[in-house]
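K.L.:
This is the structure, below, for whatever I ask next.
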Amino acid sequence: MTERRGMERREDATVEEVVFPLGFRWGVATSSHQCEGGTTNNWSRWEEMGHTAGGQRSGLACDWWAHAERDFDLAQELGLNALRLSLEWSRIEPRPGAWDNAALARYRQMLQGLRARGLEPLVTLHHFTHPLWFEDRGAFLAPDAVERFARYAVRVVEALGDLCDFWCTINEPNVYATFAYQLGGFPPGRTGDFRRAMRAQAGMARAHAAAYYAIHGAQPNARVGWAHHYNTFDPANEHSWLDHLAAGVRDAAFNDVFPRAVRTGRALVPLRPLVGDLSAVRGTCDYVGINTYYRDLVAFDPRRPRELFGRSCVVPTAPRGDSGAASSVGAIYPHGIARAAQRAAALGRPLYITEHGVADHADRLRPWLLATAARTMHEALQHGIDLRGYYHWTLVDNYEWADGWSLRFGLIALDERTQARHPRPSAGFYREIARANALTSEMVARYAAGALAQTFPLE
Ligand code: BGC
């Protein structure tokens, strides 16, 4: 199918056909620790300490440090025009102030490889991992974290700026801070420490802002943003004001802190004593990256002060991905894309869906998720939201943090022992969507009719 201009929407007997604006980015999202293999950072140490499901280690991961280009070929064959990856700070600055030029040269090679394949790189500077020396100083709680992170950002832009102008400073500060200090699933593994979780988010917001200005100083035309994880929290009982309150509190603590800091340079009044001065964060983004996967229903529960007086539950009929060996997550919720985009639009910048996907080794839900995500994004575009691209999580199954290898998010299945790759049917579906820059009813009939027949309502 040839590329089409503008946006159209055609009804037919079965499913609408949706066409995306010219230049819409169809990509995949990945991260260094999950794909590269052989890293030495806060997470590799956490794995060595036995904190992951069944003691599973990332090991060679997808072997990207040696062979990322093999998967770049696969992304190119899918007809994609974009790929999001992250840099491993621990490789680039193994000791404070000591830069590893060989590591930067390998990243240059990778970015050249992407460009040669027509894949525009979106480069993340921090995706949950950092050098051990940074971890041991207290990570983003350390007094010099802001300065250290900004210095790293400048070094990266000096070395790679001719190959990339699209930067994501930090991936999901809210997830990192919540898991590291409240839920304990990420290093340093503290639990129930709401104050530290808030201070870490604030520290990350200030580090992001410093990197924003540092990158622009080195590369005036750069596009700099961050990737925000939006989890949808709705009241378990629509008619209960206490459930509304509990869902609202979760939403404020998890979804709102970072975007509010970027929008207003402030936190909500009750959080101000915890987070300190955020005025420098105001206005520091050229685009907003949205990562969204799940919806939780929240019921008020006075016995759970550590969980902000809320208990999460999921409607039994809601679509669920595979269960992880370590984690339990909410309902899969592609419609969250539209809701998150609506909120993020308040920042007045272009939006990208920088992650969306499902753990689904048998590919039972993924085709439905892709079709629903495409329709939902199109709806958002029709409502005037400036949405510029979609990066599916992920290309090839990769190391899923505390869940080890028990969760499979790839369009392409990976046997991590042999490094053999096998595309799932969804890879073919996504290829057709990306190549056509559209979703057609005929594609849906071929790839997603079975899954769609179970039709999960959008709202
Ligand atoms: C993270 C990824 C992770 C994905 C699936 C996102 O929150 O950025 O690193 O693999 O979720 O769990």
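Here's how to read the names in the structure tokens: chain A, B, ... by the order shown, residue numbers from 1 in each chain, ligand numbers from 1 in the order shown.
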List all protein, DNA and RNA residues that have an atom no more than 9 Å from any atom of ligand 1, counting only C-alpha atoms and all ligand atoms, and report them as a VMD selection string.
P.N.:
chain A and resid 29 to 31 33 to 34 127 to 128 171 to 172 175 to 176 227 229 291 to 293 355 to 359 393 to 394 398 to 401 403 407 409
K.L.:
Can you pull out the residues contacting Ile385 of chain A? Cut-off 12 Å, using only C-alpha atoms, and skip same-chain residues under 3 positions away; I want them as a PyMOL selection string.
P.N.:
chain A and resi 337-352+376-382+388-389
K.L.:
Smallest atom-to-atom distance to Arg295 of chain A: which of A:Ser441, A:Asn237, A:Ser312, A:Ser32, using only C-alpha atoms?
P.N.:
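Smallest separation from Arg295 of chain A among the options: A:Ser312.
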K.L.:
What are the closest atom pairs, with distances in Å to one decimal, for all residues of segment 40-82 of chain A lying within 9 Å of segment 177-188 of chain A? Consider only C-alpha atoms, order rows by chain and residue number, and present the result as a Markdown table.
P.N.:
| residue | atom | partner | partner_atom | distance |
| --- | --- | --- | --- | --- |
| A:Asn42 | CA | A:Pro187 | CA | 6.6 |
| A:Trp43 | CA | A:Pro187 | CA | 6.8 |
| A:Arg45 | CA | A:Pro187 | CA | 8.7 |
| A:Trp46 | CA | A:Pro187 | CA | 6.2 |
| A:His51 | CA | A:Gly185 | CA | 8.0 |
| A:Thr52 | CA | A:Gly185 | CA | 8.5 |
K.L.:
Output N, CA and C atoms for every residue in that selection, as a PDB file, in the first residue's frame.
P.N.:
ATOM      1  N   ASN A  42      23.961  -1.356  38.793  1.00  0.00           N
ATOM      2  CA  ASN A  42      23.136  -1.633  39.974  1.00  0.00           C
ATOM      3  C   ASN A  42      22.282  -2.885  39.790  1.00  0.00           C
ATOM      4  N   TRP A  43      21.837  -3.122  38.553  1.00  0.00           N
ATOM      5  CA  TRP A  43      20.976  -4.284  38.331  1.00  0.00           C
ATOM      6  C   TRP A  43      21.746  -5.593  38.242  1.00  0.00           C
ATOM      7  N   ARG A  45      24.365  -6.288  39.853  1.00  0.00           N
ATOM      8  CA  ARG A  45      24.682  -6.641  41.233  1.00  0.00           C
ATOM      9  C   ARG A  45      23.442  -7.201  41.954  1.00  0.00           C
ATOM     10  N   TRP A  46      22.302  -6.591  41.671  1.00  0.00           N
ATOM     11  CA  TRP A  46      21.030  -7.047  42.260  1.00  0.00           C
ATOM     12  C   TRP A  46      20.735  -8.497  41.844  1.00  0.00           C
ATOM     13  N   HIS A  51      18.142 -11.508  43.796  1.00  0.00           N
ATOM     14  CA  HIS A  51      16.840 -10.867  44.022  1.00  0.00           C
ATOM     15  C   HIS A  51      15.837 -11.053  42.886  1.00  0.00           C
ATOM     16  N   THR A  52      16.159 -11.830  41.866  1.00  0.00           N
ATOM     17  CA  THR A  52      15.222 -11.947  40.741  1.00  0.00           C
ATOM     18  C   THR A  52      14.568 -13.320  40.764  1.00  0.00           C
TER      19      THR A  52
END
K.L.:
So what do you get for atom CA of Asp162 of chain A versus atom CA of Gly23 of chain A, distance-wise?
P.N.:
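Taking atom CA of Asp162 of chain A and atom CA of Gly23 of chain A, their separation equals 21.4 Å.
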K.L.:
Which one is closest to Val298 of chain A: A:Glu77, A:Asp234, A:Asp136, A:Asp386? Count only C-alpha atoms.
P.N.:
A:Asp234
K.L.:
For atom CA of Phe429 of chain A and atom CA of Phe20 of chain A, determine how far apart the two atoms are, in Å to one decimal place.
P.N.:
15.9 Å
K.L.:
DSSP on the backbone, strand (DSSP E or B) only: what residues of segment 244-405 of chain A does that give? Format it as a PyMOL selection string.
P.N.:
chain A and resi 288-291+294-300+310-313+331-332+351-355+387-392+396
K.L.:
For the selection you just gave me, I'd like the residues written to a file as a PDB file, in the first residue's frame, keeping N, CA and C atoms.
P.N.:
ATOM      1  N   VAL A 288       6.690  14.931  25.098  1.00  0.00           N
ATOM      2  CA  VAL A 288       6.441  14.040  26.234  1.00  0.00           C
ATOM      3  C   VAL A 288       6.355  12.608  25.718  1.00  0.00           C
ATOM      4  N   GLY A 289       7.107  11.733  26.351  1.00  0.00           N
ATOM      5  CA  GLY A 289       7.033  10.300  26.049  1.00  0.00           C
ATOM      6  C   GLY A 289       6.079   9.636  27.028  1.00  0.00           C
ATOM      7  N   ILE A 290       5.159   8.856  26.503  1.00  0.00           N
ATOM      8  CA  ILE A 290       4.182   8.178  27.366  1.00  0.00           C
ATOM      9  C   ILE A 290       4.392   6.675  27.276  1.00  0.00           C
ATOM     10  N   ASN A 291       4.663   6.058  28.430  1.00  0.00           N
ATOM     11  CA  ASN A 291       4.693   4.601  28.505  1.00  0.00           C
ATOM     12  C   ASN A 291       3.419   4.192  29.229  1.00  0.00           C
ATOM     13  N   TYR A 294      -1.210  -0.514  31.889  1.00  0.00           N
ATOM     14  CA  TYR A 294      -2.192  -1.153  32.771  1.00  0.00           C
ATOM     15  C   TYR A 294      -3.239  -0.192  33.351  1.00  0.00           C
ATOM     16  N   ARG A 295      -4.339  -0.830  33.787  1.00  0.00           N
ATOM     17  CA  ARG A 295      -5.358  -0.094  34.538  1.00  0.00           C
ATOM     18  C   ARG A 295      -5.623  -0.841  35.842  1.00  0.00           C
ATOM     19  N   ASP A 296      -5.616  -0.102  36.961  1.00  0.00           N
ATOM     20  CA  ASP A 296      -5.956  -0.680  38.259  1.00  0.00           C
ATOM     21  C   ASP A 296      -7.258  -0.062  38.737  1.00  0.00           C
ATOM     22  N   LEU A 297      -8.108  -0.886  39.340  1.00  0.00           N
ATOM     23  CA  LEU A 297      -9.255  -0.342  40.055  1.00  0.00           C
ATOM     24  C   LEU A 297      -8.843  -0.274  41.519  1.00  0.00           C
ATOM     25  N   VAL A 298      -9.146   0.852  42.159  1.00  0.00           N
ATOM     26  CA  VAL A 298      -8.648   1.040  43.527  1.00  0.00           C
ATOM     27  C   VAL A 298      -9.818   1.147  44.505  1.00  0.00           C
ATOM     28  N   ALA A 299      -9.748   0.315  45.547  1.00  0.00           N
ATOM     29  CA  ALA A 299     -10.760   0.369  46.616  1.00  0.00           C
ATOM     30  C   ALA A 299     -10.117   0.952  47.868  1.00  0.00           C
ATOM     31  N   PHE A 300     -10.834   1.803  48.567  1.00  0.00           N
ATOM     32  CA  PHE A 300     -10.324   2.377  49.813  1.00  0.00           C
ATOM     33  C   PHE A 300     -10.126   1.262  50.841  1.00  0.00           C
ATOM     34  N   GLY A 310      -5.138   2.381  49.698  1.00  0.00           N
ATOM     35  CA  GLY A 310      -5.861   1.835  48.534  1.00  0.00           C
ATOM     36  C   GLY A 310      -5.479   0.388  48.308  1.00  0.00           C
ATOM     37  N   ARG A 311      -6.426  -0.386  47.791  1.00  0.00           N
ATOM     38  CA  ARG A 311      -6.164  -1.778  47.412  1.00  0.00           C
ATOM     39  C   ARG A 311      -6.512  -1.899  45.935  1.00  0.00           C
ATOM     40  N   SER A 312      -5.568  -2.423  45.147  1.00  0.00           N
ATOM     41  CA  SER A 312      -5.820  -2.547  43.706  1.00  0.00           C
ATOM     42  C   SER A 312      -6.565  -3.834  43.410  1.00  0.00           C
ATOM     43  N   CYS A 313      -7.497  -3.758  42.481  1.00  0.00           N
ATOM     44  CA  CYS A 313      -8.136  -4.990  42.040  1.00  0.00           C
ATOM     45  C   CYS A 313      -8.385  -4.883  40.537  1.00  0.00           C
ATOM     46  N   ALA A 331      -4.947  -4.765  34.704  1.00  0.00           N
ATOM     47  CA  ALA A 331      -5.521  -5.192  33.423  1.00  0.00           C
ATOM     48  C   ALA A 331      -4.781  -4.501  32.283  1.00  0.00           C
ATOM     49  N   ILE A 332      -4.586  -5.227  31.187  1.00  0.00           N
ATOM     50  CA  ILE A 332      -3.995  -4.614  29.997  1.00  0.00           C
ATOM     51  C   ILE A 332      -4.990  -3.581  29.488  1.00  0.00           C
ATOM     52  N   LEU A 351       3.484  14.592  21.512  1.00  0.00           N
ATOM     53  CA  LEU A 351       3.504  13.380  22.337  1.00  0.00           C
ATOM     54  C   LEU A 351       3.947  12.184  21.500  1.00  0.00           C
ATOM     55  N   TYR A 352       4.636  11.276  22.153  1.00  0.00           N
ATOM     56  CA  TYR A 352       4.985   9.990  21.549  1.00  0.00           C
ATOM     57  C   TYR A 352       4.592   8.903  22.536  1.00  0.00           C
ATOM     58  N   ILE A 353       4.031   7.810  22.048  1.00  0.00           N
ATOM     59  CA  ILE A 353       3.844   6.641  22.912  1.00  0.00           C
ATOM     60  C   ILE A 353       5.177   5.909  22.878  1.00  0.00           C
ATOM     61  N   THR A 354       5.971   6.082  23.948  1.00  0.00           N
ATOM     62  CA  THR A 354       7.340   5.557  23.936  1.00  0.00           C
ATOM     63  C   THR A 354       7.414   4.116  24.427  1.00  0.00           C
ATOM     64  N   GLU A 355       6.301   3.583  24.974  1.00  0.00           N
ATOM     65  CA  GLU A 355       6.196   2.151  25.275  1.00  0.00           C
ATOM     66  C   GLU A 355       4.732   1.768  25.414  1.00  0.00           C
ATOM     67  N   LEU A 387      -0.102  13.680  18.486  1.00  0.00           N
ATOM     68  CA  LEU A 387       0.591  12.416  18.740  1.00  0.00           C
ATOM     69  C   LEU A 387       1.422  12.080  17.513  1.00  0.00           C
ATOM     70  N   ARG A 388       2.717  11.874  17.730  1.00  0.00           N
ATOM     71  CA  ARG A 388       3.614  11.754  16.573  1.00  0.00           C
ATOM     72  C   ARG A 388       4.161  10.354  16.327  1.00  0.00           C
ATOM     73  N   GLY A 389       3.987   9.423  17.284  1.00  0.00           N
ATOM     74  CA  GLY A 389       4.582   8.112  17.021  1.00  0.00           C
ATOM     75  C   GLY A 389       4.252   7.100  18.097  1.00  0.00           C
ATOM     76  N   TYR A 390       4.554   5.846  17.778  1.00  0.00           N
ATOM     77  CA  TYR A 390       4.262   4.712  18.653  1.00  0.00           C
ATOM     78  C   TYR A 390       5.452   3.767  18.644  1.00  0.00           C
ATOM     79  N   TYR A 391       6.002   3.474  19.828  1.00  0.00           N
ATOM     80  CA  TYR A 391       7.132   2.547  19.964  1.00  0.00           C
ATOM     81  C   TYR A 391       6.643   1.338  20.752  1.00  0.00           C
ATOM     82  N   HIS A 392       6.471   0.219  20.060  1.00  0.00           N
ATOM     83  CA  HIS A 392       5.953  -0.963  20.745  1.00  0.00           C
ATOM     84  C   HIS A 392       7.029  -1.556  21.648  1.00  0.00           C
ATOM     85  N   VAL A 396      12.293  -7.902  20.441  1.00  0.00           N
ATOM     86  CA  VAL A 396      12.643  -9.303  20.709  1.00  0.00           C
ATOM     87  C   VAL A 396      12.505  -9.520  22.211  1.00  0.00           C
TER      88      VAL A 396
END
K.L.:
If we count only C-alpha atoms and set the cut-off at 10 Å, which residues sit around Leu78 of chain A, ignoring sequence neighbours fewer than 2 positions away in its own chain? Please answer as a list in words.
P.N.:
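Contacts, in chain order: Trp26, Gly27, Phe72, Asp73, Leu74, Ala75, Gln76, Leu80, Asn81, Leu395, Ala427, Gly428, Phe429, Tyr430, Arg431, Glu432, Ile433, Ala434 and Arg435 of chain A.
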K.L.:
Once you have the residues from the selection above, write them out as a PDB file, in the first residue's frame, restricted to C-alpha atoms.
P.N.:
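part-v5.pdb written:
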ATOM      1  CA  TRP A  26       6.295   3.336  13.974  1.00  0.00           C
ATOM      2  CA  GLY A  27       8.999   1.962  16.187  1.00  0.00           C
ATOM      3  CA  PHE A  72      18.186  -3.866  13.675  1.00  0.00           C
ATOM      4  CA  ASP A  73      17.838  -5.942  10.484  1.00  0.00           C
ATOM      5  CA  LEU A  74      14.653  -7.454  11.884  1.00  0.00           C
ATOM      6  CA  ALA A  75      13.286  -4.004  12.767  1.00  0.00           C
ATOM      7  CA  GLN A  76      14.035  -2.847   9.240  1.00  0.00           C
ATOM      8  CA  LEU A  80       9.687   0.410  10.991  1.00  0.00           C
ATOM      9  CA  ASN A  81      11.088   3.925  10.797  1.00  0.00           C
ATOM     10  CA  LEU A 395      11.118  -6.051  19.391  1.00  0.00           C
ATOM     11  CA  ALA A 427       5.285  -9.210  14.078  1.00  0.00           C
ATOM     12  CA  GLY A 428       3.571  -9.744  10.708  1.00  0.00           C
ATOM     13  CA  PHE A 429       0.598  -7.672  11.842  1.00  0.00           C
ATOM     14  CA  TYR A 430       2.763  -4.807  13.079  1.00  0.00           C
ATOM     15  CA  ARG A 431       4.756  -4.921   9.842  1.00  0.00           C
ATOM     16  CA  GLU A 432       1.564  -4.393   7.835  1.00  0.00           C
ATOM     17  CA  ILE A 433       0.389  -1.528  10.035  1.00  0.00           C
ATOM     18  CA  ALA A 434       3.799   0.195   9.850  1.00  0.00           C
ATOM     19  CA  ARG A 435       4.222  -0.287   6.121  1.00  0.00           C
TER      20      ARG A 435
END
K.L.:
Could you jot down the atom CA of Gln112 of chain A to atom CA of Ala159 of chain A separation for me, Å, one decimal place?
P.N.:
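Atom-to-atom, atom CA of Gln112 of chain A and atom CA of Ala159 of chain A are spaced 12.7 Å apart.
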K.L.:
Looking at only C-alpha atoms, which of A:Gly404, A:Pro173, A:Pro131, A:Pro121 is the one that sits closest to Gly203 of chain A?
P.N.:
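Comparing A:Gly404, A:Pro173, A:Pro131, A:Pro121 against Gly203 of chain A, the winner is A:Pro173.
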K.L.:
Using only C-alpha atoms, can you tell me which of A:Glu120, A:Glu158, A:Asp363, A:Glu238 comes closest to Gly217 of chain A?
P.N.:
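Closest candidate: A:Glu158.
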K.L.:
Write out as a ChimeraX atom specification each polymer residue whose atoms come within 7 Å of Thr284 of chain A, counting only C-alpha atoms; drop sequence neighbours fewer than 4 positions from it.
P.N.:
/A:209,212,262
K.L.:
Of the candidates A:Phe134, A:Trp405, A:Phe233, A:Tyr107, which shows the shortest atom-to-atom distance to Ala325 of chain A, using only C-alpha atoms?
P.N.:
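Closest residue, counting only C-alpha atoms: A:Trp405.
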K.L.:
So which one's closest to Ala246 of chain A, A:Phe309, A:Tyr287, A:Trp167, A:Tyr230? Using only C-alpha atoms, please.
P.N.:
A:Phe309
K.L.:
Just list as number ranges by chain whatever in segment 231-378 of chain A DSSP marks as alpha helix (DSSP H).
P.N.:
A: 241-251, 257-264, 272-275, 336-344, 366-378
